[in-house]
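One file, structure_8.txt, carrying compact mmCIF, C-alpha atoms:
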# COMPACT_ATOMS: atom_id res chain seq x y z
CA MET A 893 17.22 -15.86 2.91
CA ASN A 894 17.03 -13.26 5.64
CA GLN A 895 17.04 -14.99 9.04
CA GLN A 896 13.95 -13.01 10.00
CA TYR A 897 11.72 -14.72 7.42
CA SER A 898 10.98 -18.37 7.84
CA SER A 899 9.84 -18.66 4.22
CA ALA A 900 11.64 -17.53 1.08
CA LEU A 901 8.28 -17.19 -0.69
CA LEU A 902 7.09 -14.89 2.06
CA GLU A 903 10.25 -12.81 1.91
CA ARG A 904 10.00 -12.45 -1.87
CA ALA A 905 6.37 -11.28 -1.68
CA VAL A 906 7.24 -8.77 1.07
CA ASP A 907 10.21 -7.55 -1.00
CA GLU A 908 7.95 -6.96 -3.98
CA PHE A 909 5.36 -5.00 -2.00
CA ALA A 910 8.09 -2.98 -0.27
CA LYS A 911 9.32 -1.81 -3.69
CA LEU A 912 6.10 0.13 -4.21
CA PRO A 913 6.31 3.85 -3.46
CA GLY A 914 5.29 4.81 0.07
CA ILE A 915 5.15 1.20 1.29
CA GLY A 916 7.72 0.18 3.89
CA ARG A 917 8.58 -3.33 5.03
CA LYS A 918 6.09 -3.35 7.92
CA THR A 919 3.19 -2.33 5.68
CA ALA A 920 4.38 -4.78 3.02
CA MET A 921 4.33 -7.56 5.61
CA ARG A 922 0.81 -6.58 6.70
CA LEU A 923 -0.42 -6.63 3.08
CA VAL A 924 1.20 -9.99 2.37
CA LEU A 925 -0.32 -11.55 5.49
CA HIS A 926 -3.68 -10.17 4.39
CA MET A 927 -3.15 -11.88 1.02
CA LEU A 928 -2.41 -15.16 2.82
CA ARG A 929 -5.76 -15.01 4.57
CA LEU A 930 -7.67 -14.47 1.32
CA ASP A 931 -9.02 -17.26 -0.88
CA THR A 932 -6.65 -18.34 -3.63
CA ASP A 933 -8.95 -17.11 -6.39
CA LYS A 934 -9.16 -13.63 -4.85
CA VAL A 935 -5.37 -13.41 -4.82
CA ASP A 936 -5.32 -14.61 -8.43
CA THR A 937 -7.84 -11.92 -9.37
CA PHE A 938 -5.58 -9.34 -7.77
CA SER A 939 -2.37 -10.44 -9.43
CA GLN A 940 -4.05 -10.91 -12.80
CA ALA A 941 -5.65 -7.46 -12.71
CA ILE A 942 -2.22 -5.88 -12.20
CA SER A 943 -0.51 -8.04 -14.79
CA THR A 944 -3.26 -7.66 -17.40
CA LEU A 945 -3.30 -3.89 -17.01
CA ARG A 946 0.45 -3.67 -17.59
CA HIS A 947 0.38 -5.99 -20.59
CA GLU A 948 -2.69 -4.62 -22.28
CA VAL A 949 -2.47 -0.97 -21.33
CA ASN A 950 -3.17 1.33 -24.22
CA TYR A 951 -3.01 5.06 -24.64
CA CYS A 952 -5.34 7.12 -26.79
CA ARG A 953 -3.68 7.84 -30.14
CA VAL A 954 -5.02 11.41 -30.04
CA CYS A 955 -4.77 12.70 -26.48
CA HIS A 956 -2.47 10.04 -24.87
CA ASN A 957 -4.86 9.46 -22.01
CA ILE A 958 -5.00 5.85 -20.83
CA SER A 959 -7.69 4.00 -22.78
CA ASP A 960 -8.75 0.46 -23.64
CA GLU A 961 -9.52 1.49 -27.22
CA ASP A 962 -7.33 3.02 -29.87
CA ILE A 963 -9.10 6.36 -29.39
CA CYS A 964 -10.37 7.15 -25.90
CA GLN A 965 -14.00 7.68 -24.93
CA ILE A 966 -13.47 11.41 -24.48
CA CYS A 967 -11.88 11.97 -27.88
CA SER A 968 -14.46 9.78 -29.61
CA ASN A 969 -17.45 11.40 -27.86
CA PRO A 970 -19.24 13.60 -30.44
CA SER A 971 -20.86 15.71 -27.71
CA ARG A 972 -17.51 16.98 -26.43
CA VAL A 973 -16.31 20.39 -27.65
CA SER A 974 -13.50 19.50 -30.04
CA SER A 975 -12.31 23.09 -30.44
CA GLN A 976 -10.97 23.16 -26.86
CA ILE A 977 -7.87 21.24 -25.80
CA CYS A 978 -6.86 21.16 -22.15
CA VAL A 979 -3.16 20.34 -21.76
CA VAL A 980 -2.38 18.40 -18.58
CA GLU A 981 0.62 16.61 -17.12
CA ASN A 982 -0.85 13.19 -16.47
CA ILE A 983 -3.96 11.05 -16.43
CA GLN A 984 -4.77 11.86 -12.82
CA ASP A 985 -5.19 15.47 -13.91
CA VAL A 986 -7.71 14.37 -16.54
CA MET A 987 -9.64 12.49 -13.85
CA ALA A 988 -9.55 15.48 -11.50
CA ILE A 989 -10.88 17.84 -14.16
CA GLU A 990 -13.52 15.34 -15.29
CA GLN A 991 -14.77 15.11 -11.72
CA THR A 992 -15.48 18.84 -11.61
CA GLN A 993 -17.96 18.32 -14.51
CA GLN A 994 -17.09 21.86 -15.60
CA TYR A 995 -15.25 21.02 -18.80
CA ARG A 996 -16.69 19.63 -22.01
CA GLY A 997 -13.65 19.94 -24.28
CA LEU A 998 -10.86 17.49 -25.09
CA TYR A 999 -7.51 16.81 -23.40
CA HIS A 1000 -3.88 16.39 -24.25
CA VAL A 1001 -1.76 14.45 -21.77
CA LEU A 1002 1.87 15.61 -21.95
CA GLY A 1003 3.28 12.88 -19.72
CA GLY A 1004 5.07 15.37 -17.44
CA VAL A 1005 6.64 18.80 -17.62
CA ILE A 1006 10.00 19.99 -18.89
CA SER A 1007 12.50 19.40 -16.10
CA PRO A 1008 16.20 19.50 -17.00
CA MET A 1009 17.03 18.43 -13.42
CA ASP A 1010 15.18 15.15 -13.98
CA GLY A 1011 16.40 14.79 -17.55
CA VAL A 1012 12.97 15.49 -19.03
CA GLY A 1013 13.23 17.56 -22.18
CA PRO A 1014 10.49 18.59 -24.65
CA SER A 1015 11.15 15.51 -26.79
CA GLU A 1016 10.22 13.20 -23.88
CA LEU A 1017 6.80 14.86 -23.72
CA GLU A 1018 3.84 14.80 -26.08
CA ILE A 1019 4.43 18.37 -27.23
CA ALA A 1020 5.08 17.64 -30.93
CA SER A 1021 1.80 15.71 -31.10
CA LEU A 1022 0.00 18.68 -29.51
CA VAL A 1023 1.37 21.06 -32.12
CA ASP A 1024 0.32 18.49 -34.70
CA ARG A 1025 -3.26 18.47 -33.41
CA VAL A 1026 -3.40 22.27 -33.47
CA SER A 1027 -1.90 22.41 -36.97
CA GLN A 1028 -4.77 20.30 -38.30
CA GLY A 1029 -7.12 23.22 -37.58
CA GLY A 1030 -10.43 23.42 -35.75
CA VAL A 1031 -8.82 24.30 -32.41
CA GLU A 1032 -9.92 27.61 -30.91
CA GLU A 1033 -8.50 27.38 -27.41
CA VAL A 1034 -5.63 25.58 -25.73
CA ILE A 1035 -5.94 25.59 -21.94
CA LEU A 1036 -2.57 25.13 -20.25
CA ALA A 1037 -3.46 23.32 -17.03
CA LEU A 1038 0.04 22.52 -15.74
CA SER A 1039 1.43 22.91 -12.23
CA SER A 1040 2.33 26.48 -11.28
CA THR A 1041 5.94 25.51 -10.65
CA MET A 1042 9.06 26.65 -12.44
CA GLU A 1043 8.89 23.47 -14.55
CA GLY A 1044 5.23 24.04 -15.35
CA ASP A 1045 5.88 27.65 -16.27
CA THR A 1046 8.81 26.63 -18.49
CA THR A 1047 6.62 24.09 -20.24
CA ASN A 1048 3.84 26.67 -20.70
CA PHE A 1049 6.37 29.06 -22.22
CA PHE A 1050 7.79 26.38 -24.52
CA ILE A 1051 4.32 25.38 -25.75
CA SER A 1052 3.30 29.02 -26.26
CA ARG A 1053 6.36 29.54 -28.48
CA LYS A 1054 5.58 26.40 -30.47
CA LEU A 1055 1.98 27.53 -30.98
CA ALA A 1056 2.92 31.14 -31.80
CA LYS A 1057 2.44 30.47 -35.50
CA TYR A 1058 -1.25 29.83 -34.87
CA PRO A 1059 -2.33 33.26 -33.58
CA GLU A 1060 -6.00 32.35 -34.06
CA VAL A 1061 -5.66 29.81 -31.21
CA LYS A 1062 -6.36 31.37 -27.81
CA LEU A 1063 -3.95 30.24 -25.06
CA THR A 1064 -5.31 30.30 -21.52
CA VAL A 1065 -4.15 29.12 -18.09
CA LEU A 1066 -6.17 28.04 -15.08
CA ALA A 1067 -7.21 30.79 -12.65
CA ARG A 1068 -5.08 30.75 -9.52
CA GLY A 1069 -6.28 32.20 -6.26
CA MET A 1070 -7.59 31.37 -2.84
CA SER A 1071 -9.35 28.05 -2.49
CA ILE A 1072 -13.05 28.02 -1.76
CA ASN A 1073 -13.31 28.21 2.07
CA ASP A 1074 -9.75 29.54 2.46
CA GLU A 1075 -9.41 32.19 5.13
CA LEU A 1076 -7.84 35.40 3.90
CA GLN A 1077 -5.41 35.83 6.79
CA TYR A 1078 -3.92 32.38 6.33
CA THR A 1079 -3.49 32.56 2.55
CA ASP A 1080 0.08 32.91 1.29
CA GLU A 1081 0.87 36.33 -0.17
CA VAL A 1082 1.51 35.16 -3.74
CA THR A 1083 -1.85 33.42 -3.93
CA LEU A 1084 -3.67 36.31 -2.25
CA GLY A 1085 -1.99 38.76 -4.63
CA ARG A 1086 -3.07 36.67 -7.58
CA SER A 1087 -6.64 36.54 -6.24
CA LEU A 1088 -6.65 40.34 -6.02
CA VAL A 1089 -5.22 40.93 -9.50
CA ASN A 1090 -7.62 38.43 -11.08
CA ARG A 1091 -10.71 39.64 -9.19
CA VAL A 1092 -14.01 39.05 -11.00
CA PRO A 1093 -17.35 40.96 -10.98
CA PHE A 1094 -19.56 40.12 -8.02
CA SER A 1095 -22.67 38.12 -8.83
CA ALA A 1096 -25.28 37.48 -6.15
CA MET B 758 -17.33 1.44 -15.97
CA ASN B 759 -17.12 4.42 -13.68
CA GLN B 760 -17.13 7.63 -15.73
CA GLN B 761 -14.02 8.76 -13.87
CA TYR B 762 -11.81 6.04 -15.33
CA SER B 763 -11.08 6.08 -19.02
CA SER B 764 -9.97 2.44 -18.94
CA ALA B 765 -11.77 -0.57 -17.50
CA LEU B 766 -8.41 -2.32 -17.00
CA LEU B 767 -7.18 0.66 -15.00
CA GLU B 768 -10.33 0.73 -12.90
CA ARG B 769 -10.10 -2.99 -12.18
CA ALA B 770 -6.47 -2.71 -11.04
CA VAL B 771 -7.30 0.28 -8.82
CA ASP B 772 -10.28 -1.65 -7.39
CA GLU B 773 -8.02 -4.57 -6.52
CA PHE B 774 -5.40 -2.42 -4.77
CA ALA B 775 -8.11 -0.49 -2.93
CA LYS B 776 -9.36 -3.78 -1.42
CA LEU B 777 -6.12 -4.11 0.55
CA PRO B 778 -6.32 -3.00 4.19
CA GLY B 779 -5.28 0.61 4.79
CA ILE B 780 -5.15 1.45 1.07
CA GLY B 781 -7.70 3.95 -0.19
CA ARG B 782 -8.59 4.75 -3.78
CA LYS B 783 -6.09 7.62 -4.08
CA THR B 784 -3.19 5.48 -2.87
CA ALA B 785 -4.41 2.59 -5.05
CA MET B 786 -4.36 4.91 -8.07
CA ARG B 787 -0.85 6.06 -7.22
CA LEU B 788 0.38 2.45 -6.91
CA VAL B 789 -1.26 1.42 -10.19
CA LEU B 790 0.25 4.37 -12.05
CA HIS B 791 3.62 3.39 -10.59
CA MET B 792 3.06 -0.12 -11.97
CA LEU B 793 2.32 1.34 -15.39
CA ARG B 794 5.68 3.09 -15.44
CA LEU B 795 7.56 -0.12 -14.59
CA ASP B 796 8.89 -2.59 -17.16
CA THR B 797 6.51 -5.42 -17.96
CA ASP B 798 8.80 -8.07 -16.48
CA LYS B 799 9.03 -6.19 -13.17
CA VAL B 800 5.25 -6.12 -12.93
CA ASP B 801 5.17 -9.83 -13.76
CA THR B 802 7.71 -10.51 -11.01
CA PHE B 803 5.47 -8.65 -8.58
CA SER B 804 2.24 -10.41 -9.51
CA GLN B 805 3.91 -13.81 -9.64
CA ALA B 806 5.52 -13.40 -6.22
CA ILE B 807 2.10 -12.71 -4.69
CA SER B 808 0.37 -15.49 -6.57
CA THR B 809 3.11 -18.07 -5.95
CA LEU B 810 3.15 -17.31 -2.23
CA ARG B 811 -0.59 -17.84 -1.96
CA HIS B 812 -0.56 -21.06 -3.98
CA GLU B 813 2.51 -22.65 -2.44
CA VAL B 814 2.32 -21.34 1.10
CA ASN B 815 3.02 -23.98 3.65
CA TYR B 816 2.88 -24.04 7.42
CA CYS B 817 5.21 -25.98 9.70
CA ARG B 818 3.55 -29.24 10.74
CA VAL B 819 4.89 -28.82 14.28
CA CYS B 820 4.68 -25.14 15.21
CA HIS B 821 2.38 -23.79 12.42
CA ASN B 822 4.77 -21.00 11.55
CA ILE B 823 4.92 -20.18 7.83
CA SER B 824 7.57 -22.33 6.18
CA ASP B 825 8.60 -23.53 2.74
CA GLU B 826 9.34 -27.00 4.10
CA ASP B 827 7.15 -29.48 5.90
CA ILE B 828 8.94 -28.68 9.18
CA CYS B 829 10.26 -25.14 9.59
CA GLN B 830 13.88 -24.14 10.01
CA ILE B 831 13.39 -23.33 13.68
CA CYS B 832 11.77 -26.64 14.59
CA SER B 833 14.33 -28.62 12.57
CA ASN B 834 17.34 -26.73 13.97
CA PRO B 835 19.12 -29.09 16.42
CA SER B 836 20.79 -26.18 18.25
CA ARG B 837 17.44 -24.75 19.40
CA VAL B 838 16.27 -25.63 22.92
CA SER B 839 13.44 -28.10 22.27
CA SER B 840 12.27 -28.13 25.90
CA GLN B 841 10.95 -24.54 25.63
CA ILE B 842 7.84 -23.65 23.64
CA CYS B 843 6.86 -20.02 23.20
CA VAL B 844 3.16 -19.68 22.37
CA VAL B 845 2.38 -16.69 20.12
CA GLU B 846 -0.62 -15.41 18.21
CA ASN B 847 0.82 -15.10 14.72
CA ILE B 848 3.92 -15.31 12.58
CA GLN B 849 4.78 -11.62 13.02
CA ASP B 850 5.20 -12.36 16.72
CA VAL B 851 7.69 -15.10 15.87
CA MET B 852 9.64 -12.64 13.73
CA ALA B 853 9.58 -9.99 16.47
CA ILE B 854 10.91 -12.42 19.08
CA GLU B 855 13.53 -13.82 16.69
CA GLN B 856 14.79 -10.29 16.10
CA THR B 857 15.51 -9.82 19.80
CA GLN B 858 18.00 -12.76 19.56
CA GLN B 859 17.12 -13.49 23.20
CA TYR B 860 15.25 -16.74 22.69
CA ARG B 861 16.69 -20.09 21.61
CA GLY B 862 13.64 -22.31 22.17
CA LEU B 863 10.83 -23.33 19.81
CA TYR B 864 7.49 -21.70 18.99
CA HIS B 865 3.84 -22.56 18.67
CA VAL B 866 1.71 -20.27 16.51
CA LEU B 867 -1.91 -20.30 17.69
CA GLY B 868 -3.35 -18.34 14.78
CA GLY B 869 -5.09 -15.82 17.04
CA VAL B 870 -6.65 -15.64 20.47
CA ILE B 871 -9.99 -16.77 21.82
CA SER B 872 -12.50 -14.04 21.00
CA PRO B 873 -16.21 -14.90 21.20
CA MET B 874 -17.03 -11.43 19.80
CA ASP B 875 -15.21 -12.32 16.56
CA GLY B 876 -16.46 -15.89 16.57
CA VAL B 877 -13.03 -17.31 17.40
CA GLY B 878 -13.29 -20.27 19.77
CA PRO B 879 -10.56 -22.64 21.02
CA SER B 880 -11.24 -25.05 18.15
CA GLU B 881 -10.31 -22.40 15.58
CA LEU B 882 -6.88 -22.10 17.17
CA GLU B 883 -3.93 -24.49 17.31
CA ILE B 884 -4.50 -25.28 20.99
CA ALA B 885 -5.18 -29.03 20.63
CA SER B 886 -1.91 -29.42 18.71
CA LEU B 887 -0.08 -27.53 21.48
CA VAL B 888 -1.45 -29.90 24.11
CA ASP B 889 -0.44 -32.75 21.82
CA ARG B 890 3.15 -31.47 21.64
CA VAL B 891 3.33 -31.16 25.42
CA SER B 892 1.79 -34.61 25.93
CA GLN B 893 4.65 -36.17 23.94
CA GLY B 894 7.03 -35.18 26.75
CA GLY B 895 10.35 -33.37 26.79
CA VAL B 896 8.76 -29.93 27.30
CA GLU B 897 9.90 -28.13 30.45
CA GLU B 898 8.50 -24.65 29.89
CA VAL B 899 5.63 -23.14 27.94
CA ILE B 900 5.97 -19.36 27.59
CA LEU B 901 2.60 -17.71 26.98
CA ALA B 902 3.50 -14.67 24.87
CA LEU B 903 0.01 -13.46 23.96
CA SER B 904 -1.37 -9.91 24.02
CA SER B 905 -2.24 -8.61 27.46
CA THR B 906 -5.85 -8.05 26.47
CA MET B 907 -8.98 -9.70 27.80
CA GLU B 908 -8.84 -12.11 24.85
CA GLY B 909 -5.18 -12.88 25.48
CA ASP B 910 -5.82 -13.44 29.18
CA THR B 911 -8.77 -15.72 28.37
CA THR B 912 -6.60 -17.74 26.01
CA ASN B 913 -3.80 -17.96 28.60
CA PHE B 914 -6.33 -19.22 31.13
CA PHE B 915 -7.79 -21.76 28.70
CA ILE B 916 -4.34 -23.10 27.81
CA SER B 917 -3.30 -23.26 31.47
CA ARG B 918 -6.37 -25.39 32.22
CA LYS B 919 -5.61 -27.70 29.28
CA LEU B 920 -2.01 -28.11 30.45
CA ALA B 921 -2.94 -28.57 34.13
CA LYS B 922 -2.49 -32.33 33.81
CA TYR B 923 1.21 -31.79 33.08
CA PRO B 924 2.32 -30.16 36.36
CA GLU B 925 5.99 -30.76 35.49
CA VAL B 926 5.65 -28.18 32.69
CA LYS B 927 6.38 -24.64 33.92
CA LEU B 928 3.97 -22.00 32.54
CA THR B 929 5.39 -18.48 32.23
CA VAL B 930 4.24 -15.19 30.74
CA LEU B 931 6.28 -12.29 29.38
CA ALA B 932 7.37 -9.63 31.87
CA ARG B 933 5.25 -6.47 31.56
CA GLY B 934 6.50 -3.11 32.69
CA MET B 935 7.82 0.21 31.52
CA SER B 936 9.53 0.24 28.14
CA ILE B 937 13.24 0.95 28.00
CA ASN B 938 13.51 4.78 27.87
CA ASP B 939 9.98 5.34 29.20
CA GLU B 940 9.71 8.26 31.59
CA LEU B 941 8.20 7.30 34.92
CA GLN B 942 5.79 10.23 35.16
CA TYR B 943 4.23 9.48 31.76
CA THR B 944 3.79 5.73 32.30
CA ASP B 945 0.23 4.54 32.77
CA GLU B 946 -0.54 3.41 36.32
CA VAL B 947 -1.21 -0.26 35.49
CA THR B 948 2.13 -0.64 33.73
CA LEU B 949 3.99 1.29 36.44
CA GLY B 950 2.34 -0.86 39.10
CA ARG B 951 3.37 -4.01 37.27
CA SER B 952 6.95 -2.69 36.99
CA LEU B 953 7.02 -2.13 40.75
CA VAL B 954 5.59 -5.53 41.66
CA ASN B 955 7.95 -7.36 39.28
CA ARG B 956 11.07 -5.38 40.24
CA VAL B 957 14.36 -7.24 39.80
CA PRO B 958 17.73 -7.06 41.62
CA PHE B 959 19.92 -4.19 40.50
CA SER B 960 23.01 -5.18 38.55
CA ALA B 961 25.59 -2.58 37.61

Write-out of the structure in structure tokens:
Amino acid sequence: MNQQYSSALLERAVDEFAKLPGIGRKTAMRLVLHMLRLDTDKVDTFSQAISTLRHEVNYCRVCHNISDEDICQICSNPSRVSSQICVVENIQDVMAIEQTQQYRGLYHVLGGVISPMDGVGPSELEIASLVDRVSQGGVEEVILALSSTMEGDTTNFFISRKLAKYPEVKLTVLARGMSINDELQYTDEVTLGRSLVNRVPFSA
Amino acid sequence: MNQQYSSALLERAVDEFAKLPGIGRKTAMRLVLHMLRLDTDKVDTFSQAISTLRHEVNYCRVCHNISDEDICQICSNPSRVSSQICVVENIQDVMAIEQTQQYRGLYHVLGGVISPMDGVGPSELEIASLVDRVSQGGVEEVILALSSTMEGDTTNFFISRKLAKYPEVKLTVLARGMSINDELQYTDEVTLGRSLVNRVPFSA
């Protein structure tokens, strides 16, 4: 036991919190001391929620979004537009797009992007299952909503090649440009250039 | 279930993390997704460490520091100077002082300071047990190492009154002054004044 801690139980709990990303030992200590001040049943609720999630987590068989059912609520919702598939990297992206309330189609969660540096190849991602979905017909548009990084672009290119045998399926990417409220003079040149090239008709 | 989350288990875990102090919903989500990528047994280790700590936590019967035994390793260490008691607010303070390696006496953890605004009176703190320790004799010095706030000063005053019937016990407080490396011109006037008043002989 580290001399600094007067309790091995305390040290172990701090160690565990400090393993989480972005949490150092001081923050871990603060969180553990907060736990100590809580009622026992509240701490049990916390630890059980984490444990239960990990044990019972399930991913949608169709789109690979996290889901408590075999098929997620988006995929099983008859009022969603099933001819549109938006391809995203992870489940946070699904949540971000859902919050815009601008999209009524379905999703496909890849689980990342192709990144040889990190040892992530196409077979680690849900690309085969995407091609499978498209091959079953009924898909009119695949929206590639990946990061505009080299890895994202590589993944876009790889998917576009895989889907080339379905020319009836329209491939689109998200519009890139200045953010709403961005000031022109402070926008980076690549983004500003893209905003100019992709300019749209003015509507009052 | 919030529309944003596609899994009630996910939402519950995020809710639980977001209850922790200084952790918002975005950070909570990031931590939960990290948990999902870990092996099941690592997540179990985490949740068990937290739960076990809360269930089996124990405080030293003498000094009220957190401890796995009935009497903590500091109080039961025969090489510590048992005639000195350093009074601190909480267990982090004990750890901070231990890390300086400048103190060989014992501790007394009050559990806070007197703060009528927060509903903390003397009876909520371990003051009676401190007086009890002193009354048993053998104590030569009580070091009041509380915050130099109004609440800390009030608590110091309260304790000094309670210990007034033991005039043989020396009451001391921590030296206050400029930090090591502080620049004189940027030091606040109260601290600089205190540094001047409490100046010590120069030793090369």

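Counting from CA of Met1042 (chain A), the distance to CA of Tyr762 (chain B) is 29.5 Å.
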
Pairwise distance, CA of Thr797 (chain B) with CA of Leu810 (chain B), equals 20.0 Å

### Residue neighbourhood Asp827 (chain B), 9 Å, all atoms listed in the file, exclusion window fewer than 4 positions, as a VMD selection string
chain B and resid 815 to 819

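In this model, the gap between CA of Ala941 (chain A) and CA of Glu981 (chain A) comes to 25.3 Å.
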
*Can you list, as a ChimeraX atom specification, every protein, DNA or RNA residue that comes within 9 Å of region 1086-1088 of chain A when you count only C-alpha atoms, leaving out same-chain residues fewer than 3 positions away?*
/A:1067-1070,1081-1083,1091-1092

Create the file for the chosen residues now, containing C-alpha atoms and written as an mmCIF file, in the coordinates of the input.
data_model
loop_
_atom_site.group_PDB
_atom_site.id
_atom_site.type_symbol
_atom_site.label_atom_id
_atom_site.label_comp_id
_atom_site.auth_asym_id
_atom_site.auth_seq_id
_atom_site.Cartn_x
_atom_site.Cartn_y
_atom_site.Cartn_z
ATOM 1 C CA ALA A 1067 -7.210 30.790 -12.650
ATOM 2 C CA ARG A 1068 -5.080 30.750 -9.520
ATOM 3 C CA GLY A 1069 -6.280 32.200 -6.260
ATOM 4 C CA MET A 1070 -7.590 31.370 -2.840
ATOM 5 C CA GLU A 1081 0.870 36.330 -0.170
ATOM 6 C CA VAL A 1082 1.510 35.160 -3.740
ATOM 7 C CA THR A 1083 -1.850 33.420 -3.930
ATOM 8 C CA ARG A 1091 -10.710 39.640 -9.190
ATOM 9 C CA VAL A 1092 -14.010 39.050 -11.000
#

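Here is the contact set of chain A against chain B, at 6 Å and counting all atoms listed in the file: Gln896, Ser898, Ser899, Leu901, Ala905, Glu908, Leu928, Phe938, Ser939, Ala941, Ile942, Leu945, Arg946, Ser959, Asp960 and Met987 of chain A.
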
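Shortest separation to His865 (chain B) among B:Ser917, B:Ser833, B:Gln841, B:Thr912 occurs at residue B:Gln841, atoms counted being all atoms listed in the file.
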
TODO: Please provide as number ranges by chain all residues within 9 Å of Val1026 (chain A), with the sequence filter that same-chain residues fewer than 3 positions apart are discarded (counting all atoms listed in the file).
DONE: A: 977, 1021-1023, 1029-1032, 1034, 1055, 1058, 1061

Please provide as a ChimeraX atom specification all residues within 8 Å of region 867-873 of chain B, with the sequence filter that same-chain residues fewer than 3 positions apart are discarded (counting all atoms listed in the file). /B:821,844-847,876-879,882-884,903,908-909,911-912

Can you pull out the residues contacting Arg861 (chain B)? Cut-off 8 Å, using all atoms listed in the file, and skip same-chain residues under 3 positions away; I want them as a PyMOL selection string.
chain B and resi 837-838+858
